[in-house]
Amino acid sequence: MTAIISRVIPAELAGMRLDQALASILPDKTRSQLQRWIDDGHVRVGGKSARKRDIVKGGETVELDIPPPRDTGWKVEQ
């Protein structure tokens, strides 16, 4: 099941790259994870597809469709 997160970019983050701004407002997510989601099309800014290098202005609404965890194929033995 996909979780959807919606956040507004704070004005004080204006001028930052999208991936950096998201890492600031979503500290529980890694920047590489956020970059992967952006590259895979799971992030929209103002309803439009985004790129990690896009510069934020502050005040934009960002939506993340967080995909379920990837199956790595690794088995954990107990």
# chains A, B, ... in the order shown; residues from 1 in each chain; ligands from 1
call {"tool": "residues_around", "arguments": {"residues": "Ala23 (chain A)", "least_positions_apart": "2", "cutoff": "12 Å", "atoms": "only C-alpha atoms", "output": "VMD selection string"}}
result
chain A and resid 7 9 13 16 to 21 25 to 35 52
call {"tool": "select_by_dssp", "arguments": {"residues": "region 39-74 of chain A", "states": "strand (DSSP E)", "output": "number ranges by chain"}}
result
A: 43-45, 48-49, 61-66
call {"tool": "residues_around", "arguments": {"residues": "region 44-46 of chain A", "least_positions_apart": "2", "cutoff": "8 Å", "atoms": "only C-alpha atoms", "output": "ChimeraX atom specification"}}
result
/A:41-42,48-50,60-64
call {"tool": "write_last_selection", "arguments": {"atoms": "all heavy atoms", "output": "mmCIF file, in the first residue's frame"}}
result
data_model
loop_
_atom_site.group_PDB
_atom_site.id
_atom_site.type_symbol
_atom_site.label_atom_id
_atom_site.label_comp_id
_atom_site.auth_asym_id
_atom_site.auth_seq_id
_atom_site.Cartn_x
_atom_site.Cartn_y
_atom_site.Cartn_z
ATOM 1 N N GLY A 41 9.555 9.267 -9.839
ATOM 2 C CA GLY A 41 8.282 9.943 -10.117
ATOM 3 C C GLY A 41 7.272 9.910 -8.985
ATOM 4 O O GLY A 41 6.088 10.137 -9.213
ATOM 5 N N HIS A 42 7.724 9.651 -7.768
ATOM 6 C CA HIS A 42 6.821 9.582 -6.624
ATOM 7 C C HIS A 42 6.635 10.929 -5.919
ATOM 8 O O HIS A 42 5.950 11.001 -4.902
ATOM 9 C CB HIS A 42 7.335 8.561 -5.602
ATOM 10 C CG HIS A 42 7.344 7.158 -6.107
ATOM 11 N ND1 HIS A 42 6.198 6.429 -6.315
ATOM 12 C CD2 HIS A 42 8.367 6.352 -6.481
ATOM 13 C CE1 HIS A 42 6.517 5.232 -6.777
ATOM 14 N NE2 HIS A 42 7.830 5.165 -6.890
ATOM 15 N N LYS A 48 2.774 18.807 -10.167
ATOM 16 C CA LYS A 48 3.586 18.445 -11.326
ATOM 17 C C LYS A 48 4.781 17.610 -10.907
ATOM 18 O O LYS A 48 5.313 17.771 -9.811
ATOM 19 C CB LYS A 48 4.077 19.706 -12.046
ATOM 20 C CG LYS A 48 2.961 20.540 -12.601
ATOM 21 C CD LYS A 48 3.500 21.752 -13.307
ATOM 22 C CE LYS A 48 2.336 22.593 -13.836
ATOM 23 N NZ LYS A 48 2.803 23.809 -14.475
ATOM 24 N N SER A 49 5.224 16.750 -11.802
ATOM 25 C CA SER A 49 6.400 15.931 -11.573
ATOM 26 C C SER A 49 7.592 16.840 -11.275
ATOM 27 O O SER A 49 7.689 17.938 -11.810
ATOM 28 C CB SER A 49 6.662 15.112 -12.828
ATOM 29 O OG SER A 49 7.382 13.970 -12.533
ATOM 30 N N ALA A 50 8.490 16.357 -10.408
ATOM 31 C CA ALA A 50 9.605 17.191 -9.976
ATOM 32 C C ALA A 50 10.935 16.509 -10.243
ATOM 33 O O ALA A 50 10.998 15.298 -10.440
ATOM 34 C CB ALA A 50 9.466 17.488 -8.485
ATOM 35 N N GLU A 60 5.462 26.115 -1.683
ATOM 36 C CA GLU A 60 4.951 25.076 -2.582
ATOM 37 C C GLU A 60 4.426 23.887 -1.777
ATOM 38 O O GLU A 60 4.968 23.557 -0.731
ATOM 39 C CB GLU A 60 6.048 24.528 -3.513
ATOM 40 C CG GLU A 60 6.680 25.523 -4.420
ATOM 41 C CD GLU A 60 8.026 25.999 -3.888
ATOM 42 O OE1 GLU A 60 8.180 26.133 -2.669
ATOM 43 O OE2 GLU A 60 8.910 26.241 -4.702
ATOM 44 N N THR A 61 3.397 23.255 -2.311
ATOM 45 C CA THR A 61 2.901 22.023 -1.718
ATOM 46 C C THR A 61 3.577 20.856 -2.425
ATOM 47 O O THR A 61 3.582 20.784 -3.654
ATOM 48 C CB THR A 61 1.374 21.908 -1.875
ATOM 49 O OG1 THR A 61 0.767 22.999 -1.178
ATOM 50 C CG2 THR A 61 0.856 20.603 -1.294
ATOM 51 N N VAL A 62 4.169 19.981 -1.622
ATOM 52 C CA VAL A 62 4.864 18.808 -2.150
ATOM 53 C C VAL A 62 4.095 17.571 -1.719
ATOM 54 O O VAL A 62 3.723 17.439 -0.555
ATOM 55 C CB VAL A 62 6.309 18.737 -1.605
ATOM 56 C CG1 VAL A 62 7.015 17.502 -2.125
ATOM 57 C CG2 VAL A 62 7.079 19.980 -1.972
ATOM 58 N N GLU A 63 3.850 16.677 -2.660
ATOM 59 C CA GLU A 63 3.186 15.404 -2.363
ATOM 60 C C GLU A 63 4.151 14.272 -2.679
ATOM 61 O O GLU A 63 4.769 14.252 -3.743
ATOM 62 C CB GLU A 63 1.923 15.248 -3.197
ATOM 63 C CG GLU A 63 0.841 16.229 -2.837
ATOM 64 C CD GLU A 63 -0.382 16.054 -3.704
ATOM 65 O OE1 GLU A 63 -0.270 15.516 -4.830
ATOM 66 O OE2 GLU A 63 -1.461 16.460 -3.268
ATOM 67 N N LEU A 64 4.265 13.345 -1.737
ATOM 68 C CA LEU A 64 5.098 12.159 -1.923
ATOM 69 C C LEU A 64 4.212 10.938 -1.855
ATOM 70 O O LEU A 64 3.473 10.750 -0.891
ATOM 71 C CB LEU A 64 6.137 12.053 -0.804
ATOM 72 C CG LEU A 64 7.240 13.075 -0.744
ATOM 73 C CD1 LEU A 64 6.837 14.241 0.121
ATOM 74 C CD2 LEU A 64 8.459 12.421 -0.181
#
call {"tool": "atom_distance", "arguments": {"atom1": "CA of Pro67 (chain A)", "atom2": "CA of Ala3 (chain A)"}}
result
6.8 Å
call {"tool": "select_by_dssp", "arguments": {"residues": "chain A", "states": "alpha helix (DSSP H)", "output": "ChimeraX atom specification"}}
result
/A:18-25,31-39
call {"tool": "write_last_selection", "arguments": {"atoms": "all heavy atoms", "output": "short mmCIF file (atom, residue, chain, number, x, y, z; two decimals), in the first residue's frame"}}
result
data_model
loop_
_atom_site.label_atom_id
_atom_site.label_comp_id
_atom_site.auth_asym_id
_atom_site.auth_seq_id
_atom_site.Cartn_x
_atom_site.Cartn_y
_atom_site.Cartn_z
N LEU A 18 15.31 20.77 -4.25
CA LEU A 18 14.16 20.05 -3.73
C LEU A 18 14.57 18.92 -2.80
O LEU A 18 14.01 18.77 -1.71
CB LEU A 18 13.31 19.50 -4.88
CG LEU A 18 12.13 18.62 -4.48
CD1 LEU A 18 11.14 19.39 -3.61
CD2 LEU A 18 11.45 18.05 -5.71
N ASP A 19 15.56 18.11 -3.18
CA ASP A 19 15.95 16.98 -2.34
C ASP A 19 16.51 17.45 -0.99
O ASP A 19 16.24 16.84 0.03
CB ASP A 19 16.93 16.05 -3.05
CG ASP A 19 18.21 16.72 -3.51
OD1 ASP A 19 18.21 17.93 -3.77
OD2 ASP A 19 19.23 16.01 -3.63
N GLN A 20 17.23 18.57 -0.98
CA GLN A 20 17.75 19.11 0.28
C GLN A 20 16.62 19.64 1.16
O GLN A 20 16.62 19.41 2.38
CB GLN A 20 18.75 20.24 0.00
CG GLN A 20 20.00 19.79 -0.70
CD GLN A 20 20.85 20.96 -1.16
OE1 GLN A 20 20.35 22.01 -1.53
NE2 GLN A 20 22.16 20.76 -1.14
N ALA A 21 15.66 20.33 0.55
CA ALA A 21 14.53 20.87 1.31
C ALA A 21 13.70 19.73 1.91
O ALA A 21 13.31 19.79 3.08
CB ALA A 21 13.67 21.75 0.41
N LEU A 22 13.46 18.69 1.13
CA LEU A 22 12.70 17.55 1.64
C LEU A 22 13.43 16.87 2.79
O LEU A 22 12.81 16.46 3.77
CB LEU A 22 12.40 16.55 0.53
CG LEU A 22 11.36 16.98 -0.49
CD1 LEU A 22 11.21 15.92 -1.58
CD2 LEU A 22 10.02 17.26 0.17
N ALA A 23 14.74 16.75 2.67
CA ALA A 23 15.53 16.14 3.75
C ALA A 23 15.42 16.96 5.03
O ALA A 23 15.41 16.41 6.14
CB ALA A 23 16.99 15.99 3.33
N SER A 24 15.28 18.27 4.89
CA SER A 24 15.13 19.14 6.06
C SER A 24 13.77 18.98 6.74
O SER A 24 13.67 19.01 7.95
CB SER A 24 15.30 20.61 5.67
OG SER A 24 16.62 20.86 5.28
N ILE A 25 12.72 18.82 5.93
CA ILE A 25 11.38 18.76 6.53
C ILE A 25 10.93 17.33 6.82
O ILE A 25 9.92 17.13 7.50
CB ILE A 25 10.33 19.49 5.67
CG1 ILE A 25 10.20 18.90 4.27
CG2 ILE A 25 10.63 20.97 5.60
CD1 ILE A 25 9.09 19.52 3.44
N ARG A 31 18.31 11.33 2.52
CA ARG A 31 18.33 12.12 1.29
C ARG A 31 18.40 11.21 0.08
O ARG A 31 17.76 11.48 -0.94
CB ARG A 31 19.50 13.10 1.33
CG ARG A 31 19.46 14.07 0.18
CD ARG A 31 20.38 15.24 0.42
NE ARG A 31 20.63 15.93 -0.82
CZ ARG A 31 21.72 16.58 -1.08
NH1 ARG A 31 22.66 16.69 -0.19
NH2 ARG A 31 21.87 17.18 -2.23
N SER A 32 19.16 10.11 0.17
CA SER A 32 19.25 9.20 -0.98
C SER A 32 17.89 8.54 -1.25
O SER A 32 17.52 8.32 -2.41
CB SER A 32 20.34 8.15 -0.77
OG SER A 32 20.05 7.34 0.34
N GLN A 33 17.16 8.24 -0.19
CA GLN A 33 15.82 7.66 -0.35
C GLN A 33 14.91 8.68 -1.05
O GLN A 33 14.18 8.34 -1.98
CB GLN A 33 15.28 7.32 1.04
CG GLN A 33 14.02 6.54 1.10
CD GLN A 33 13.66 6.20 2.54
OE1 GLN A 33 13.73 7.05 3.42
NE2 GLN A 33 13.29 4.96 2.78
N LEU A 34 14.96 9.92 -0.59
CA LEU A 34 14.14 10.97 -1.20
C LEU A 34 14.53 11.18 -2.67
O LEU A 34 13.66 11.34 -3.52
CB LEU A 34 14.29 12.28 -0.41
CG LEU A 34 13.70 12.25 1.00
CD1 LEU A 34 14.21 13.41 1.82
CD2 LEU A 34 12.18 12.25 0.94
N GLN A 35 15.83 11.17 -2.97
CA GLN A 35 16.28 11.32 -4.35
C GLN A 35 15.75 10.19 -5.23
O GLN A 35 15.32 10.43 -6.37
CB GLN A 35 17.80 11.35 -4.41
CG GLN A 35 18.40 12.62 -3.86
CD GLN A 35 19.91 12.56 -3.77
OE1 GLN A 35 20.51 11.50 -3.69
NE2 GLN A 35 20.54 13.73 -3.79
N ARG A 36 15.77 8.97 -4.72
CA ARG A 36 15.27 7.83 -5.47
C ARG A 36 13.77 8.00 -5.76
O ARG A 36 13.31 7.75 -6.88
CB ARG A 36 15.54 6.53 -4.71
CG ARG A 36 15.17 5.28 -5.47
CD ARG A 36 15.64 3.99 -4.80
NE ARG A 36 15.34 3.93 -3.37
CZ ARG A 36 16.27 3.99 -2.41
NH1 ARG A 36 17.53 4.10 -2.70
NH2 ARG A 36 15.92 3.92 -1.13
N TRP A 37 13.02 8.44 -4.76
CA TRP A 37 11.58 8.65 -4.96
C TRP A 37 11.32 9.74 -5.98
O TRP A 37 10.41 9.64 -6.80
CB TRP A 37 10.89 8.96 -3.64
CG TRP A 37 10.84 7.80 -2.70
CD1 TRP A 37 10.98 6.48 -3.00
CD2 TRP A 37 10.66 7.86 -1.29
NE1 TRP A 37 10.88 5.71 -1.86
CE2 TRP A 37 10.69 6.53 -0.79
CE3 TRP A 37 10.47 8.90 -0.39
CZ2 TRP A 37 10.53 6.23 0.54
CZ3 TRP A 37 10.32 8.60 0.95
CH2 TRP A 37 10.33 7.27 1.41
N ILE A 38 12.12 10.81 -5.93
CA ILE A 38 11.97 11.89 -6.92
C ILE A 38 12.25 11.34 -8.31
O ILE A 38 11.48 11.55 -9.24
CB ILE A 38 12.90 13.07 -6.59
CG1 ILE A 38 12.48 13.75 -5.27
CG2 ILE A 38 12.89 14.09 -7.73
CD1 ILE A 38 13.50 14.73 -4.72
N ASP A 39 13.38 10.62 -8.46
CA ASP A 39 13.75 10.05 -9.76
C ASP A 39 12.71 9.07 -10.29
O ASP A 39 12.49 8.98 -11.49
CB ASP A 39 15.11 9.34 -9.67
CG ASP A 39 16.27 10.30 -9.51
OD1 ASP A 39 16.12 11.51 -9.81
OD2 ASP A 39 17.35 9.84 -9.08
#
call {"tool": "atom_distance", "arguments": {"atom1": "CA of Glu12 (chain A)", "atom2": "CA of Gly47 (chain A)"}}
result
21.5 Å
